[in-house]
file data37.tsv (TSV, C-alpha atoms)
chain	number	residue	atom	x	y	z
A	20	MET	CA	63.78	-22.22	-5.32
A	21	ASN	CA	66.58	-20.88	-3.20
A	22	THR	CA	64.98	-18.21	-1.09
A	23	ARG	CA	67.89	-17.34	1.08
A	24	GLY	CA	67.53	-13.60	1.47
A	25	LEU	CA	65.93	-11.22	-0.95
A	26	ARG	CA	68.95	-10.83	-3.15
A	27	SER	CA	68.28	-14.12	-4.84
A	28	GLN	CA	64.82	-13.01	-5.82
A	29	LEU	CA	66.09	-10.09	-7.82
A	30	LYS	CA	66.24	-10.85	-11.46
A	31	ASP	CA	69.36	-9.66	-13.16
A	32	SER	CA	67.82	-9.82	-16.55
A	33	VAL	CA	64.72	-10.74	-18.38
A	34	PRO	CA	65.00	-14.53	-18.72
A	35	VAL	CA	66.65	-15.73	-21.90
A	36	ALA	CA	65.44	-19.12	-22.98
A	37	GLY	CA	68.55	-20.44	-24.69
A	38	LEU	CA	71.18	-19.44	-22.15
A	39	CYS	CA	69.47	-20.56	-18.96
A	40	PRO	CA	67.06	-23.36	-19.72
A	41	GLN	CA	64.54	-23.99	-17.01
A	42	GLY	CA	64.42	-27.74	-17.35
A	43	ALA	CA	66.11	-30.26	-15.12
A	44	TYR	CA	69.90	-30.68	-15.56
A	45	GLY	CA	70.04	-27.41	-17.49
A	46	VAL	CA	68.67	-28.88	-20.69
A	47	GLN	CA	65.85	-27.16	-22.55
A	48	ASP	CA	62.60	-28.72	-21.49
A	49	SER	CA	60.72	-28.83	-24.77
A	50	LEU	CA	57.74	-30.59	-23.27
A	51	ARG	CA	57.01	-27.78	-20.84
A	52	SER	CA	58.46	-24.61	-22.27
A	53	GLY	CA	58.19	-25.30	-25.96
A	54	PHE	CA	60.80	-24.76	-28.64
A	55	THR	CA	63.46	-22.14	-28.12
A	56	SER	CA	64.00	-19.14	-30.27
A	57	ILE	CA	67.01	-17.16	-29.11
A	58	LYS	CA	66.29	-14.34	-31.54
A	59	ASN	CA	62.92	-13.71	-29.97
A	60	GLU	CA	64.33	-13.64	-26.49
A	61	LEU	CA	67.34	-11.45	-27.18
A	62	LEU	CA	65.42	-8.58	-28.77
A	63	PRO	CA	65.71	-5.45	-26.63
A	64	SER	CA	62.97	-5.20	-24.11
A	65	HIS	CA	61.46	-2.03	-22.78
A	66	PRO	CA	63.73	0.01	-20.50
A	67	LEU	CA	61.15	-0.27	-17.74
A	68	GLU	CA	60.66	-4.02	-17.99
A	69	LEU	CA	63.53	-4.91	-15.69
A	70	SER	CA	62.91	-2.21	-13.13
A	71	GLU	CA	59.23	-3.10	-12.96
A	72	LYS	CA	59.95	-6.80	-12.50
A	73	ASN	CA	62.28	-5.98	-9.62
A	74	PHE	CA	60.26	-3.18	-8.13
A	75	GLN	CA	58.53	-5.11	-5.36
A	76	PRO	CA	61.65	-6.97	-4.17
A	77	ASN	CA	63.61	-3.72	-4.25
A	78	GLN	CA	61.00	-1.92	-2.18
A	79	ASP	CA	60.97	-4.75	0.32
A	80	LYS	CA	64.76	-4.75	0.52
A	81	MET	CA	64.81	-1.00	1.17
A	82	ASN	CA	62.08	-1.17	3.78
A	83	PHE	CA	63.66	-4.09	5.57
A	84	SER	CA	67.05	-2.47	5.74
A	85	THR	CA	65.54	0.75	7.12
A	86	LEU	CA	63.60	-1.29	9.64
A	87	ARG	CA	66.74	-3.13	10.64
A	88	SER	CA	68.59	0.13	11.28
A	89	ILE	CA	65.75	1.54	13.33
A	90	GLN	CA	64.46	-1.41	15.31
A	91	GLY	CA	67.16	-4.03	15.14
A	92	LEU	CA	67.51	-7.34	13.35
A	93	HIS	CA	64.47	-8.99	14.92
A	94	ALA	CA	61.98	-6.70	13.17
A	95	PRO	CA	62.78	-7.62	9.55
A	96	LEU	CA	63.26	-11.26	10.51
A	97	LYS	CA	59.81	-11.52	12.03
A	98	LEU	CA	58.24	-9.63	9.16
A	99	GLN	CA	59.96	-11.80	6.56
A	100	MET	CA	58.67	-14.86	8.34
A	101	GLU	CA	55.15	-13.48	8.11
A	102	TYR	CA	55.63	-12.65	4.43
A	103	ARG	CA	56.83	-16.17	3.73
A	104	ALA	CA	53.83	-17.62	5.51
A	105	ALA	CA	51.42	-15.33	3.69
A	106	ARG	CA	52.99	-16.12	0.33
A	107	GLN	CA	52.26	-19.78	0.83
A	108	ILE	CA	48.52	-19.25	1.05
A	109	GLN	CA	47.66	-20.08	-2.53
A	110	ARG	CA	44.97	-21.92	-4.37
A	111	LEU	CA	45.54	-24.71	-6.88
A	112	PRO	CA	48.31	-23.84	-9.35
A	113	PHE	CA	46.06	-22.94	-12.26
A	114	LEU	CA	43.76	-20.70	-10.21
A	115	GLN	CA	44.48	-17.09	-9.36
A	116	SER	CA	44.89	-16.28	-5.72
A	117	SER	CA	43.81	-12.95	-4.32
A	118	ASN	CA	46.92	-12.78	-2.12
A	119	LEU	CA	44.84	-10.98	0.47
A	120	ALA	CA	47.14	-11.69	3.42
A	121	LEU	CA	50.23	-10.67	1.48
A	122	ASP	CA	48.59	-7.47	0.30
A	123	THR	CA	47.50	-6.57	3.80
A	124	LEU	CA	51.01	-7.15	5.13
A	125	ARG	CA	52.54	-5.01	2.40
A	126	GLY	CA	49.96	-2.27	2.79
A	127	ASN	CA	48.80	-2.65	-0.81
A	128	ASP	CA	45.19	-2.98	0.32
A	129	GLU	CA	45.14	0.74	1.10
A	130	SER	CA	46.51	2.05	-2.16
A	131	ILE	CA	45.70	1.77	-5.85
A	132	GLY	CA	48.38	1.60	-8.49
A	133	PHE	CA	48.67	0.55	-12.10
A	134	GLU	CA	49.04	-3.07	-11.06
A	135	ASP	CA	45.48	-3.01	-9.76
A	136	ILE	CA	43.98	-1.60	-12.93
A	137	LEU	CA	46.01	-3.00	-15.79
A	138	ASN	CA	46.38	-6.70	-16.58
A	139	ASP	CA	44.34	-7.92	-13.66
A	140	PRO	CA	45.29	-11.60	-13.25
A	141	PHE	CA	41.65	-12.41	-12.54
A	142	GLN	CA	40.74	-11.14	-15.99
A	143	SER	CA	43.54	-13.02	-17.71
A	144	GLU	CA	42.37	-14.71	-20.91
A	145	MET	CA	44.84	-17.55	-20.70
A	146	MET	CA	44.72	-20.42	-18.29
A	147	GLY	CA	47.07	-23.29	-17.85
A	148	GLU	CA	45.96	-26.85	-18.39
A	149	PRO	CA	44.80	-27.84	-14.87
A	150	HIS	CA	45.98	-31.47	-14.82
A	151	ILE	CA	49.44	-30.75	-16.19
A	152	MET	CA	49.96	-27.83	-13.82
A	153	VAL	CA	48.97	-29.75	-10.72
A	154	GLU	CA	51.17	-32.67	-11.76
A	155	TYR	CA	54.07	-30.31	-12.37
A	156	GLN	CA	53.67	-28.74	-8.97
A	157	LEU	CA	53.51	-32.13	-7.26
A	158	GLY	CA	56.61	-33.23	-9.15
A	159	LEU	CA	54.83	-36.09	-10.85
A	160	LEU	CA	55.37	-34.84	-14.36
B	14	MET	CA	50.70	-26.28	-26.91
B	15	ALA	CA	53.55	-27.19	-24.58
B	16	LEU	CA	53.97	-23.49	-23.78
B	17	SER	CA	50.68	-23.12	-21.95
B	18	ASN	CA	51.19	-26.04	-19.64
B	19	VAL	CA	53.20	-24.51	-16.86
B	20	LEU	CA	51.96	-21.08	-17.56
B	21	GLN	CA	52.88	-18.18	-15.41
B	22	THR	CA	50.14	-15.61	-15.58
B	23	PRO	CA	51.63	-12.34	-16.75
B	24	ALA	CA	52.30	-10.04	-13.84
B	25	ALA	CA	49.70	-7.39	-13.12
B	26	GLY	CA	50.54	-3.88	-14.24
B	27	PHE	CA	52.15	-2.79	-17.46
B	28	ASN	CA	52.69	-5.31	-20.24
B	29	PHE	CA	55.87	-4.76	-22.24
B	30	ASP	CA	55.31	-7.35	-24.96
B	31	ASN	CA	54.89	-4.72	-27.62
B	32	ALA	CA	58.40	-3.38	-27.08
B	33	ALA	CA	59.81	-6.46	-28.80
B	34	ARG	CA	57.25	-6.12	-31.58
B	35	ASN	CA	58.14	-2.46	-32.09
B	36	ALA	CA	61.83	-3.26	-32.24
B	37	ALA	CA	61.13	-5.90	-34.86
B	38	LEU	CA	59.00	-3.48	-36.90
B	39	GLU	CA	61.53	-0.69	-36.81
B	40	GLY	CA	63.24	-1.60	-40.03
B	41	LEU	CA	60.01	-1.78	-41.99
B	42	PHE	CA	58.89	1.83	-41.91
B	43	ASP	CA	61.57	3.58	-44.03
B	44	GLY	CA	62.14	6.20	-41.38
B	45	ARG	CA	58.48	7.13	-41.15
B	46	THR	CA	57.88	5.33	-37.86
B	47	PRO	CA	54.64	6.41	-36.24
B	48	THR	CA	55.46	8.70	-33.34
B	49	PRO	CA	53.42	8.99	-30.15
B	50	LEU	CA	50.99	11.86	-30.30
B	51	LYS	CA	51.80	14.75	-28.03
B	52	THR	CA	49.29	17.34	-27.08
B	53	GLY	CA	49.93	21.03	-26.70
B	54	THR	CA	48.70	22.83	-23.63
B	55	THR	CA	49.09	25.94	-21.59
B	56	ILE	CA	48.35	25.54	-17.91
B	57	ALA	CA	49.11	28.01	-15.14
B	58	GLY	CA	48.52	28.54	-11.46
B	59	VAL	CA	48.85	31.43	-9.03
B	60	VAL	CA	48.68	31.57	-5.25
B	61	PHE	CA	46.69	34.57	-4.05
B	62	LYS	CA	45.64	35.96	-0.70
B	63	ASP	CA	42.80	33.54	0.07
B	64	GLY	CA	43.73	30.50	-1.99
B	65	VAL	CA	44.90	29.24	-5.34
B	66	VAL	CA	43.76	30.00	-8.90
B	67	LEU	CA	44.40	27.41	-11.61
B	68	GLY	CA	43.89	28.03	-15.30
B	69	ALA	CA	44.10	25.96	-18.47
B	70	ASP	CA	43.25	26.16	-22.16
B	71	THR	CA	40.80	23.65	-23.60
B	72	ARG	CA	42.40	22.38	-26.78
B	73	ALA	CA	43.46	18.76	-27.20
B	74	THR	CA	45.42	18.07	-30.37
B	75	SER	CA	46.38	14.97	-32.31
B	76	SER	CA	49.44	16.23	-34.20
B	77	GLU	CA	47.96	18.86	-36.54
B	78	VAL	CA	44.29	18.23	-35.87
B	79	VAL	CA	42.29	19.60	-32.96
B	80	ALA	CA	40.85	16.49	-31.37
B	81	ASP	CA	38.79	18.15	-28.67
B	82	LYS	CA	37.82	21.83	-28.54
B	83	MET	CA	36.42	21.73	-25.03
B	84	CYS	CA	38.67	19.32	-23.21
B	85	ALA	CA	38.81	19.57	-19.41
B	86	LYS	CA	42.41	19.84	-18.27
B	87	ILE	CA	41.75	20.73	-14.65
B	88	HIS	CA	41.18	17.44	-12.85
B	89	TYR	CA	39.54	16.86	-9.49
B	90	ILE	CA	41.81	15.38	-6.87
B	91	ALA	CA	40.10	16.12	-3.57
B	92	PRO	CA	37.43	18.61	-2.43
B	93	ASN	CA	40.24	21.02	-1.62
B	94	MET	CA	42.68	20.17	-4.42
B	95	TYR	CA	42.65	20.36	-8.18
B	96	CYS	CA	45.34	19.46	-10.67
B	97	CYS	CA	46.05	20.80	-14.16
B	98	GLY	CA	47.63	18.28	-16.50
B	99	ALA	CA	49.89	18.80	-19.52
B	100	GLY	CA	51.55	16.18	-21.67
B	101	THR	CA	49.97	12.98	-22.90
B	102	ALA	CA	46.26	13.35	-22.17
B	103	ALA	CA	45.66	9.71	-21.23
B	104	ASP	CA	48.59	9.72	-18.84
B	105	THR	CA	47.49	12.86	-17.01
B	106	GLU	CA	43.93	11.56	-16.80
B	107	LYS	CA	44.88	8.18	-15.36
B	108	THR	CA	47.55	9.53	-13.02
B	109	THR	CA	45.23	12.12	-11.52
B	110	ASP	CA	42.47	9.51	-11.19
B	111	LEU	CA	44.78	7.17	-9.31
B	112	LEU	CA	45.97	10.02	-7.12
B	113	SER	CA	42.40	11.00	-6.31
B	114	SER	CA	41.49	7.41	-5.44
B	115	ASN	CA	44.51	7.01	-3.20
B	116	LEU	CA	43.73	10.22	-1.33
B	117	THR	CA	40.09	9.21	-0.90
B	118	ILE	CA	41.15	5.87	0.57
B	119	PHE	CA	43.52	7.67	2.87
B	120	SER	CA	40.91	10.12	4.10
B	121	LEU	CA	38.38	7.34	4.63
B	122	ASN	CA	40.90	5.32	6.59
B	123	SER	CA	42.24	8.10	8.76
B	124	GLY	CA	39.25	10.43	8.93
B	125	ARG	CA	41.45	13.37	7.95
B	126	ASN	CA	41.42	15.73	5.00
B	127	PRO	CA	44.30	15.09	2.64
B	128	ARG	CA	47.07	17.67	2.41
B	129	VAL	CA	48.57	18.97	-0.78
B	130	ILE	CA	52.03	17.73	0.19
B	131	MET	CA	50.65	14.18	0.42
B	132	ALA	CA	49.36	14.37	-3.13
B	133	VAL	CA	52.71	15.72	-4.29
B	134	ASN	CA	54.56	12.87	-2.60
B	135	ILE	CA	52.31	10.22	-4.12
B	136	LEU	CA	52.69	11.75	-7.57
B	137	GLN	CA	56.42	12.07	-7.23
B	138	ASP	CA	56.84	8.43	-6.20
B	139	MET	CA	54.56	7.21	-8.97
B	140	LEU	CA	56.19	9.24	-11.74
B	141	TYR	CA	59.75	8.55	-10.62
B	142	ARG	CA	59.04	4.85	-10.58
B	143	TYR	CA	58.26	4.94	-14.30
B	144	HIS	CA	61.29	7.06	-15.21
B	145	GLY	CA	59.45	9.57	-17.31
B	146	GLN	CA	57.71	7.03	-19.53
B	147	ILE	CA	54.42	8.38	-18.21
B	148	GLY	CA	54.30	11.77	-19.88
B	149	ALA	CA	52.44	13.82	-17.32
B	150	SER	CA	53.47	17.33	-16.28
B	151	LEU	CA	51.12	18.45	-13.58
B	152	ILE	CA	50.38	21.62	-11.67
B	153	LEU	CA	48.77	20.74	-8.37
B	154	GLY	CA	47.10	23.43	-6.30
B	155	GLY	CA	45.09	23.26	-3.12
B	156	VAL	CA	44.15	24.73	0.21
B	157	ASP	CA	44.57	22.71	3.37
B	158	CYS	CA	45.06	23.27	7.08
B	159	THR	CA	48.65	24.41	6.51
B	160	GLY	CA	47.83	27.08	3.94
B	161	ASN	CA	47.60	27.63	0.19
B	162	HIS	CA	50.00	25.59	-1.88
B	163	LEU	CA	50.96	25.31	-5.53
B	164	TYR	CA	53.30	22.58	-6.73
B	165	THR	CA	54.47	21.34	-10.08
B	166	VAL	CA	55.45	17.73	-10.73
B	167	GLY	CA	57.39	16.91	-13.88
B	168	PRO	CA	57.22	13.64	-15.83
B	169	TYR	CA	60.44	12.38	-14.27
B	170	GLY	CA	59.27	13.09	-10.75
B	171	SER	CA	60.80	16.51	-10.16
B	172	VAL	CA	58.86	18.74	-7.80
B	173	ASP	CA	58.89	22.52	-7.51
B	174	LYS	CA	56.95	24.73	-5.11
B	175	MET	CA	56.36	28.25	-6.36
B	176	PRO	CA	53.75	30.97	-5.93
B	177	TYR	CA	53.14	31.01	-9.70
B	178	LEU	CA	53.72	28.26	-12.25
B	179	SER	CA	53.06	27.38	-15.83
B	180	MET	CA	53.53	24.14	-17.79
B	181	GLY	CA	52.84	22.77	-21.21
B	182	SER	CA	53.99	23.74	-24.69
B	183	GLY	CA	52.84	27.31	-24.13
B	184	HIS	CA	54.46	27.67	-20.74
B	185	LEU	CA	57.15	30.13	-21.73
B	186	ALA	CA	54.68	32.69	-22.99
B	187	ALA	CA	52.49	32.27	-19.91
B	188	LEU	CA	55.49	32.44	-17.59
B	189	GLY	CA	56.52	35.78	-19.03
B	190	VAL	CA	53.13	37.24	-18.17
B	191	LEU	CA	53.17	35.68	-14.72
B	192	GLU	CA	56.67	36.95	-13.95
B	193	ASP	CA	55.64	40.43	-14.92
B	194	GLY	CA	52.27	40.57	-13.19
B	195	TYR	CA	52.69	38.51	-10.03
B	196	LYS	CA	52.71	40.22	-6.65
B	197	PRO	CA	52.39	38.50	-3.27
B	198	ASP	CA	48.89	38.55	-1.71
B	199	LEU	CA	46.89	39.36	-4.80
B	200	GLU	CA	43.14	39.91	-4.60
B	201	LEU	CA	40.82	37.34	-6.16
B	202	ASP	CA	39.88	39.39	-9.23
B	203	LYS	CA	43.44	40.43	-9.95
B	204	ALA	CA	44.60	36.83	-9.59
B	205	LYS	CA	41.91	35.55	-11.99
B	206	GLU	CA	42.79	38.26	-14.49
B	207	LEU	CA	46.47	37.43	-14.24
B	208	VAL	CA	45.94	33.72	-14.88
B	209	CYS	CA	43.50	34.46	-17.69
B	210	VAL	CA	45.95	36.78	-19.43
B	211	ALA	CA	48.76	34.26	-18.96
B	212	ILE	CA	46.75	31.46	-20.56
B	213	HIS	CA	45.58	33.79	-23.31
B	214	THR	CA	49.16	34.69	-24.14
B	215	GLY	CA	49.99	31.00	-24.24
B	216	ILE	CA	47.04	30.42	-26.60
B	217	MET	CA	48.13	33.23	-28.90
B	218	SER	CA	51.79	32.27	-29.02
B	219	ASP	CA	51.53	28.48	-29.17
B	220	LEU	CA	49.86	26.45	-31.87
B	221	GLY	CA	49.09	23.57	-29.59
B	222	SER	CA	46.98	25.65	-27.19
B	223	GLY	CA	43.74	27.28	-28.03
B	224	ASN	CA	39.98	27.59	-27.76
B	225	ASN	CA	38.54	28.52	-24.39
B	226	ILE	CA	40.07	29.21	-21.00
B	227	ASP	CA	38.99	27.35	-17.86
B	228	ILE	CA	39.61	28.80	-14.42
B	229	CYS	CA	39.39	27.04	-11.08
B	230	VAL	CA	39.46	29.04	-7.85
B	231	ILE	CA	40.16	27.08	-4.68
B	232	THR	CA	39.66	28.76	-1.34
B	233	ARG	CA	39.05	27.65	2.19
B	234	GLN	CA	35.32	28.19	1.63
B	235	GLY	CA	35.17	25.98	-1.41
B	236	VAL	CA	35.91	25.57	-5.07
B	237	ASP	CA	34.66	27.63	-7.99
B	238	TYR	CA	35.23	25.80	-11.27
B	239	ILE	CA	34.41	28.24	-14.05
B	240	ARG	CA	34.21	26.45	-17.34
B	241	PRO	CA	34.59	28.32	-19.65
B	242	TYR	CA	35.85	31.47	-18.02
B	243	GLN	CA	36.61	33.12	-21.31
B	244	VAL	CA	35.37	31.92	-24.64
B	245	SER	CA	37.72	32.21	-27.57
B	246	GLU	CA	37.03	35.20	-29.83
B	247	TYR	CA	37.61	32.94	-32.81
B	248	GLN	CA	34.64	30.80	-31.84
B	249	ASP	CA	33.08	29.09	-34.82
B	250	LYS	CA	29.77	30.88	-35.47
B	251	ARG	CA	28.03	29.01	-38.25
B	252	LYS	CA	25.62	31.19	-40.23
B	253	THR	CA	23.41	28.37	-41.53
B	254	LYS	CA	22.44	24.89	-40.53
B	255	TYR	CA	23.97	22.08	-42.51
B	256	LYS	CA	21.25	19.53	-41.89
B	257	TYR	CA	19.45	18.43	-45.06
B	258	GLY	CA	15.67	18.44	-44.89
B	259	PRO	CA	13.70	15.35	-45.94
B	260	GLY	CA	13.15	15.25	-49.68
B	261	THR	CA	16.51	16.77	-50.59
B	262	THR	CA	17.64	13.59	-52.31
B	263	PRO	CA	15.13	12.40	-54.96
B	264	VAL	CA	14.09	8.75	-54.73
B	265	LEU	CA	14.48	7.09	-58.14
B	266	THR	CA	13.20	3.54	-57.49
B	267	GLU	CA	11.77	1.74	-54.52
B	268	LYS	CA	11.58	-2.02	-54.03
B	269	VAL	CA	10.08	-3.65	-50.96
B	270	VAL	CA	10.87	-7.32	-50.27
B	271	PRO	CA	8.92	-8.70	-47.29
B	272	LEU	CA	10.92	-11.21	-45.29
B	273	LYS	CA	9.15	-14.51	-44.87
B	274	LEU	CA	9.60	-15.66	-41.30
B	275	GLU	CA	8.21	-18.91	-40.05
B	276	VAL	CA	7.80	-19.73	-36.41
B	277	VAL	CA	10.16	-22.65	-35.75
B	278	GLU	CA	9.89	-23.00	-32.03
B	279	GLU	CA	7.81	-21.25	-29.44
B	280	ALA	CA	8.62	-21.41	-25.76
B	281	VAL	CA	6.61	-19.64	-23.11
B	282	GLN	CA	8.32	-18.96	-19.81
B	283	PRO	CA	6.08	-17.55	-17.08
B	284	LEU	CA	7.69	-14.71	-15.15
B	285	ASP	CA	8.30	-15.39	-11.52
B	286	THR	CA	6.53	-12.46	-9.93
B	287	ALA	CA	6.83	-12.60	-6.18

call {"tool": "encode", "arguments": {"input": "data37.tsv", "output": "structure tokens"}}
result
Amino acid sequence: MNTRGLRSQLKDSVPVAGLCPQGAYGVQDSLRSGFTSIKNELLPSHPLELSEKNFQPNQDKMNFSTLRSIQGLHAPLKLQMEYRAARQIQRLPFLQSSNLALDTLRGNDESIGFEDILNDPFQSEMMGEPHIMVEYQLGLL
Amino acid sequence: MALSNVLQTPAAGFNFDNAARNAALEGLFDGRTPTPLKTGTTIAGVVFKDGVVLGADTRATSSEVVADKMCAKIHYIAPNMYCCGAGTAADTEKTTDLLSSNLTIFSLNSGRNPRVIMAVNILQDMLYRYHGQIGASLILGGVDCTGNHLYTVGPYGSVDKMPYLSMGSGHLAALGVLEDGYKPDLELDKAKELVCVAIHTGIMSDLGSGNNIDICVITRQGVDYIRPYQVSEYQDKRKTKYKYGPGTTPVLTEKVVPLKLEVVEEAVQPLDTA
């Protein structure tokens, strides 16, 4: 969870299960992420998938660098601090958060895009197992 | 089962899971992969002395079949702005809806009427973000405090500002008519005639355009949405009705089996009338 700067948040690729396992010590964590299937992960994804995943971080990066040129270093620093604080306001891990503070900071509360209409997380038909997810977040599992 | 434990809810917005499925299915179709359905259209717009005239045909096609003979291609954006859409019908519909919602939010927040250039900027950003995957070619026309404007936005986010424009599969035919007949500061009737003839030429020369012609006149005083402005001369005039009267089909046998229903449980719930 290295959050030094926005560059680390950009994803260079759609995650490939076999090459970069998410478990501890770099070994595939079968208990949590299931069995691997490299073939399924390496199939070409949609040309837009990567750019859409990175869209928000890229926008932020662009806005912050413009802000830095106009107002000086303090402006993006203060704003990033507020973003970090707003991002931490979440509910329990298996519940969807409205991200109201984050949306207000970003200005997303005054515009409607495809991310508000399609695939609304509140209407998601899948939910994680509550106990396992809380234990995972607390590091007990 | 292990997969759902530390689930990350899929991000809001577009879901690209089917891209992998399509890639896997590619080898199975023997070259006859189903292609996305494109619609044919002729849309045109002209700036005249007091405002903007937009015109469109009304045919929506699904490959070789006419899916809708009276489809509305001129979409409402704001009280002073309308937008004609060519390309994939669903994409134009959704994009113009989103644009209209965004402009309404803006005007509620700021108390100002939206300008045409704002709509163009929003569209351009939205369409460029999706790199042409949203197949919407739009002609946006409106009247605001800065004057009468007509813009076209392409599916990749390109913008052009011209006094006369046409888009869609029939745009070349319509453009020829517009190039020939356009003069600056046209009168209302001449402008309507020009757009009508342009769309008509598009209808005659392009298989994907057809049926009626819709015209939308936007001026400072208001909007006149004439639908249809000109009905196609090849309108289907049926000579007889095709409904069959009762008794057309003779009944050979009739068998009535009454269903035996028994009351298993009866519950009476008094209504709470306050």

call {"tool": "interface_residues", "arguments": {"input": "data37.tsv", "of": "chain B", "to": "chain A", "cutoff": "12 Å", "atoms": "only C-alpha atoms", "output": "number ranges by chain"}}
result
B: 14-39, 104, 107-123, 135-136, 138-147

call {"tool": "atom_distance", "arguments": {"input": "data37.tsv", "atom1": "atom CA of B:Glu200", "atom2": "atom CA of B:Arg240"}}
result
20.6 Å

call {"tool": "closest_residue", "arguments": {"input": "data37.tsv", "among": "B:Pro127, B:Glu279, B:Asp63, B:Gly183", "to": "B:Gly221", "atoms": "only C-alpha atoms"}}
result
B:Gly183

call {"tool": "closest_residue", "arguments": {"input": "data37.tsv", "among": "B:Gly44, B:Met175, B:Pro263, B:Gly58", "to": "B:Val190", "atoms": "only C-alpha atoms"}}
result
B:Gly58

call {"tool": "atom_distance", "arguments": {"input": "data37.tsv", "atom1": "atom CA of B:Tyr242", "atom2": "atom CA of B:Thr74"}}
result
20.6 Å

call {"tool": "atom_distance", "arguments": {"input": "data37.tsv", "atom1": "atom CA of B:Tyr164", "atom2": "atom CA of B:Ile239"}}
result
21.0 Å

call {"tool": "axis_aligned_box", "arguments": {"input": "data37.tsv", "around": "stretch 180-199 of chain B", "padding_each_side": "8 Å", "output": "lines of an AutoDock Vina configuration file"}}
result
center_x = 52.0
center_y = 31.7
center_z = -13.2
size_x = 26.3
size_y = 33.8
size_z = 39.0

call {"tool": "decode", "arguments": {"input": "data37.tsv", "residues": "stretch 136-141 of chain A", "atoms": "all heavy atoms", "output": "mmCIF file, in the first residue's frame"}}
result
data_model
loop_
_atom_site.group_PDB
_atom_site.id
_atom_site.type_symbol
_atom_site.label_atom_id
_atom_site.label_comp_id
_atom_site.auth_asym_id
_atom_site.auth_seq_id
_atom_site.Cartn_x
_atom_site.Cartn_y
_atom_site.Cartn_z
ATOM 1 N N ILE A 136 -24.103 5.807 -13.989
ATOM 2 C CA ILE A 136 -25.270 5.096 -14.497
ATOM 3 C C ILE A 136 -25.012 3.594 -14.586
ATOM 4 O O ILE A 136 -25.848 2.785 -14.205
ATOM 5 C CB ILE A 136 -25.623 5.596 -15.912
ATOM 6 C CG1 ILE A 136 -25.755 7.098 -15.917
ATOM 7 C CG2 ILE A 136 -26.883 4.955 -16.383
ATOM 8 C CD1 ILE A 136 -25.920 7.619 -17.297
ATOM 9 N N LEU A 137 -23.849 3.247 -15.108
ATOM 10 C CA LEU A 137 -23.561 1.844 -15.371
ATOM 11 C C LEU A 137 -22.840 1.228 -14.194
ATOM 12 O O LEU A 137 -21.951 1.832 -13.618
ATOM 13 C CB LEU A 137 -22.671 1.723 -16.613
ATOM 14 C CG LEU A 137 -23.229 2.333 -17.875
ATOM 15 C CD1 LEU A 137 -22.172 2.339 -18.937
ATOM 16 C CD2 LEU A 137 -24.429 1.554 -18.340
ATOM 17 N N ASN A 138 -23.210 -0.035 -13.876
ATOM 18 C CA ASN A 138 -22.470 -0.777 -12.851
ATOM 19 C C ASN A 138 -22.408 -0.054 -11.526
ATOM 20 O O ASN A 138 -21.361 0.032 -10.902
ATOM 21 C CB ASN A 138 -21.009 -0.972 -13.315
ATOM 22 C CG ASN A 138 -20.799 -2.403 -13.714
ATOM 23 O OD1 ASN A 138 -21.576 -3.266 -13.373
ATOM 24 N ND2 ASN A 138 -19.734 -2.638 -14.445
ATOM 25 N N ASP A 139 -23.514 0.452 -11.074
ATOM 26 C CA ASP A 139 -23.551 1.158 -9.802
ATOM 27 C C ASP A 139 -23.151 0.181 -8.701
ATOM 28 O O ASP A 139 -23.772 -0.863 -8.544
ATOM 29 C CB ASP A 139 -24.985 1.660 -9.584
ATOM 30 C CG ASP A 139 -25.079 2.612 -8.417
ATOM 31 O OD1 ASP A 139 -24.029 2.982 -7.857
ATOM 32 O OD2 ASP A 139 -26.204 2.985 -8.076
ATOM 33 N N PRO A 140 -22.116 0.497 -7.914
ATOM 34 C CA PRO A 140 -21.686 -0.462 -6.887
ATOM 35 C C PRO A 140 -22.786 -0.783 -5.880
ATOM 36 O O PRO A 140 -22.798 -1.869 -5.301
ATOM 37 C CB PRO A 140 -20.524 0.250 -6.179
ATOM 38 C CG PRO A 140 -20.118 1.344 -7.062
ATOM 39 C CD PRO A 140 -21.270 1.696 -7.940
ATOM 40 N N PHE A 141 -23.725 0.152 -5.701
ATOM 41 C CA PHE A 141 -24.809 -0.135 -4.761
ATOM 42 C C PHE A 141 -25.759 -1.192 -5.285
ATOM 43 O O PHE A 141 -26.498 -1.796 -4.535
ATOM 44 C CB PHE A 141 -25.593 1.151 -4.457
ATOM 45 C CG PHE A 141 -24.887 2.043 -3.489
ATOM 46 C CD1 PHE A 141 -24.096 3.080 -3.949
ATOM 47 C CD2 PHE A 141 -24.980 1.826 -2.132
ATOM 48 C CE1 PHE A 141 -23.427 3.907 -3.075
ATOM 49 C CE2 PHE A 141 -24.316 2.642 -1.235
ATOM 50 C CZ PHE A 141 -23.532 3.685 -1.700
#
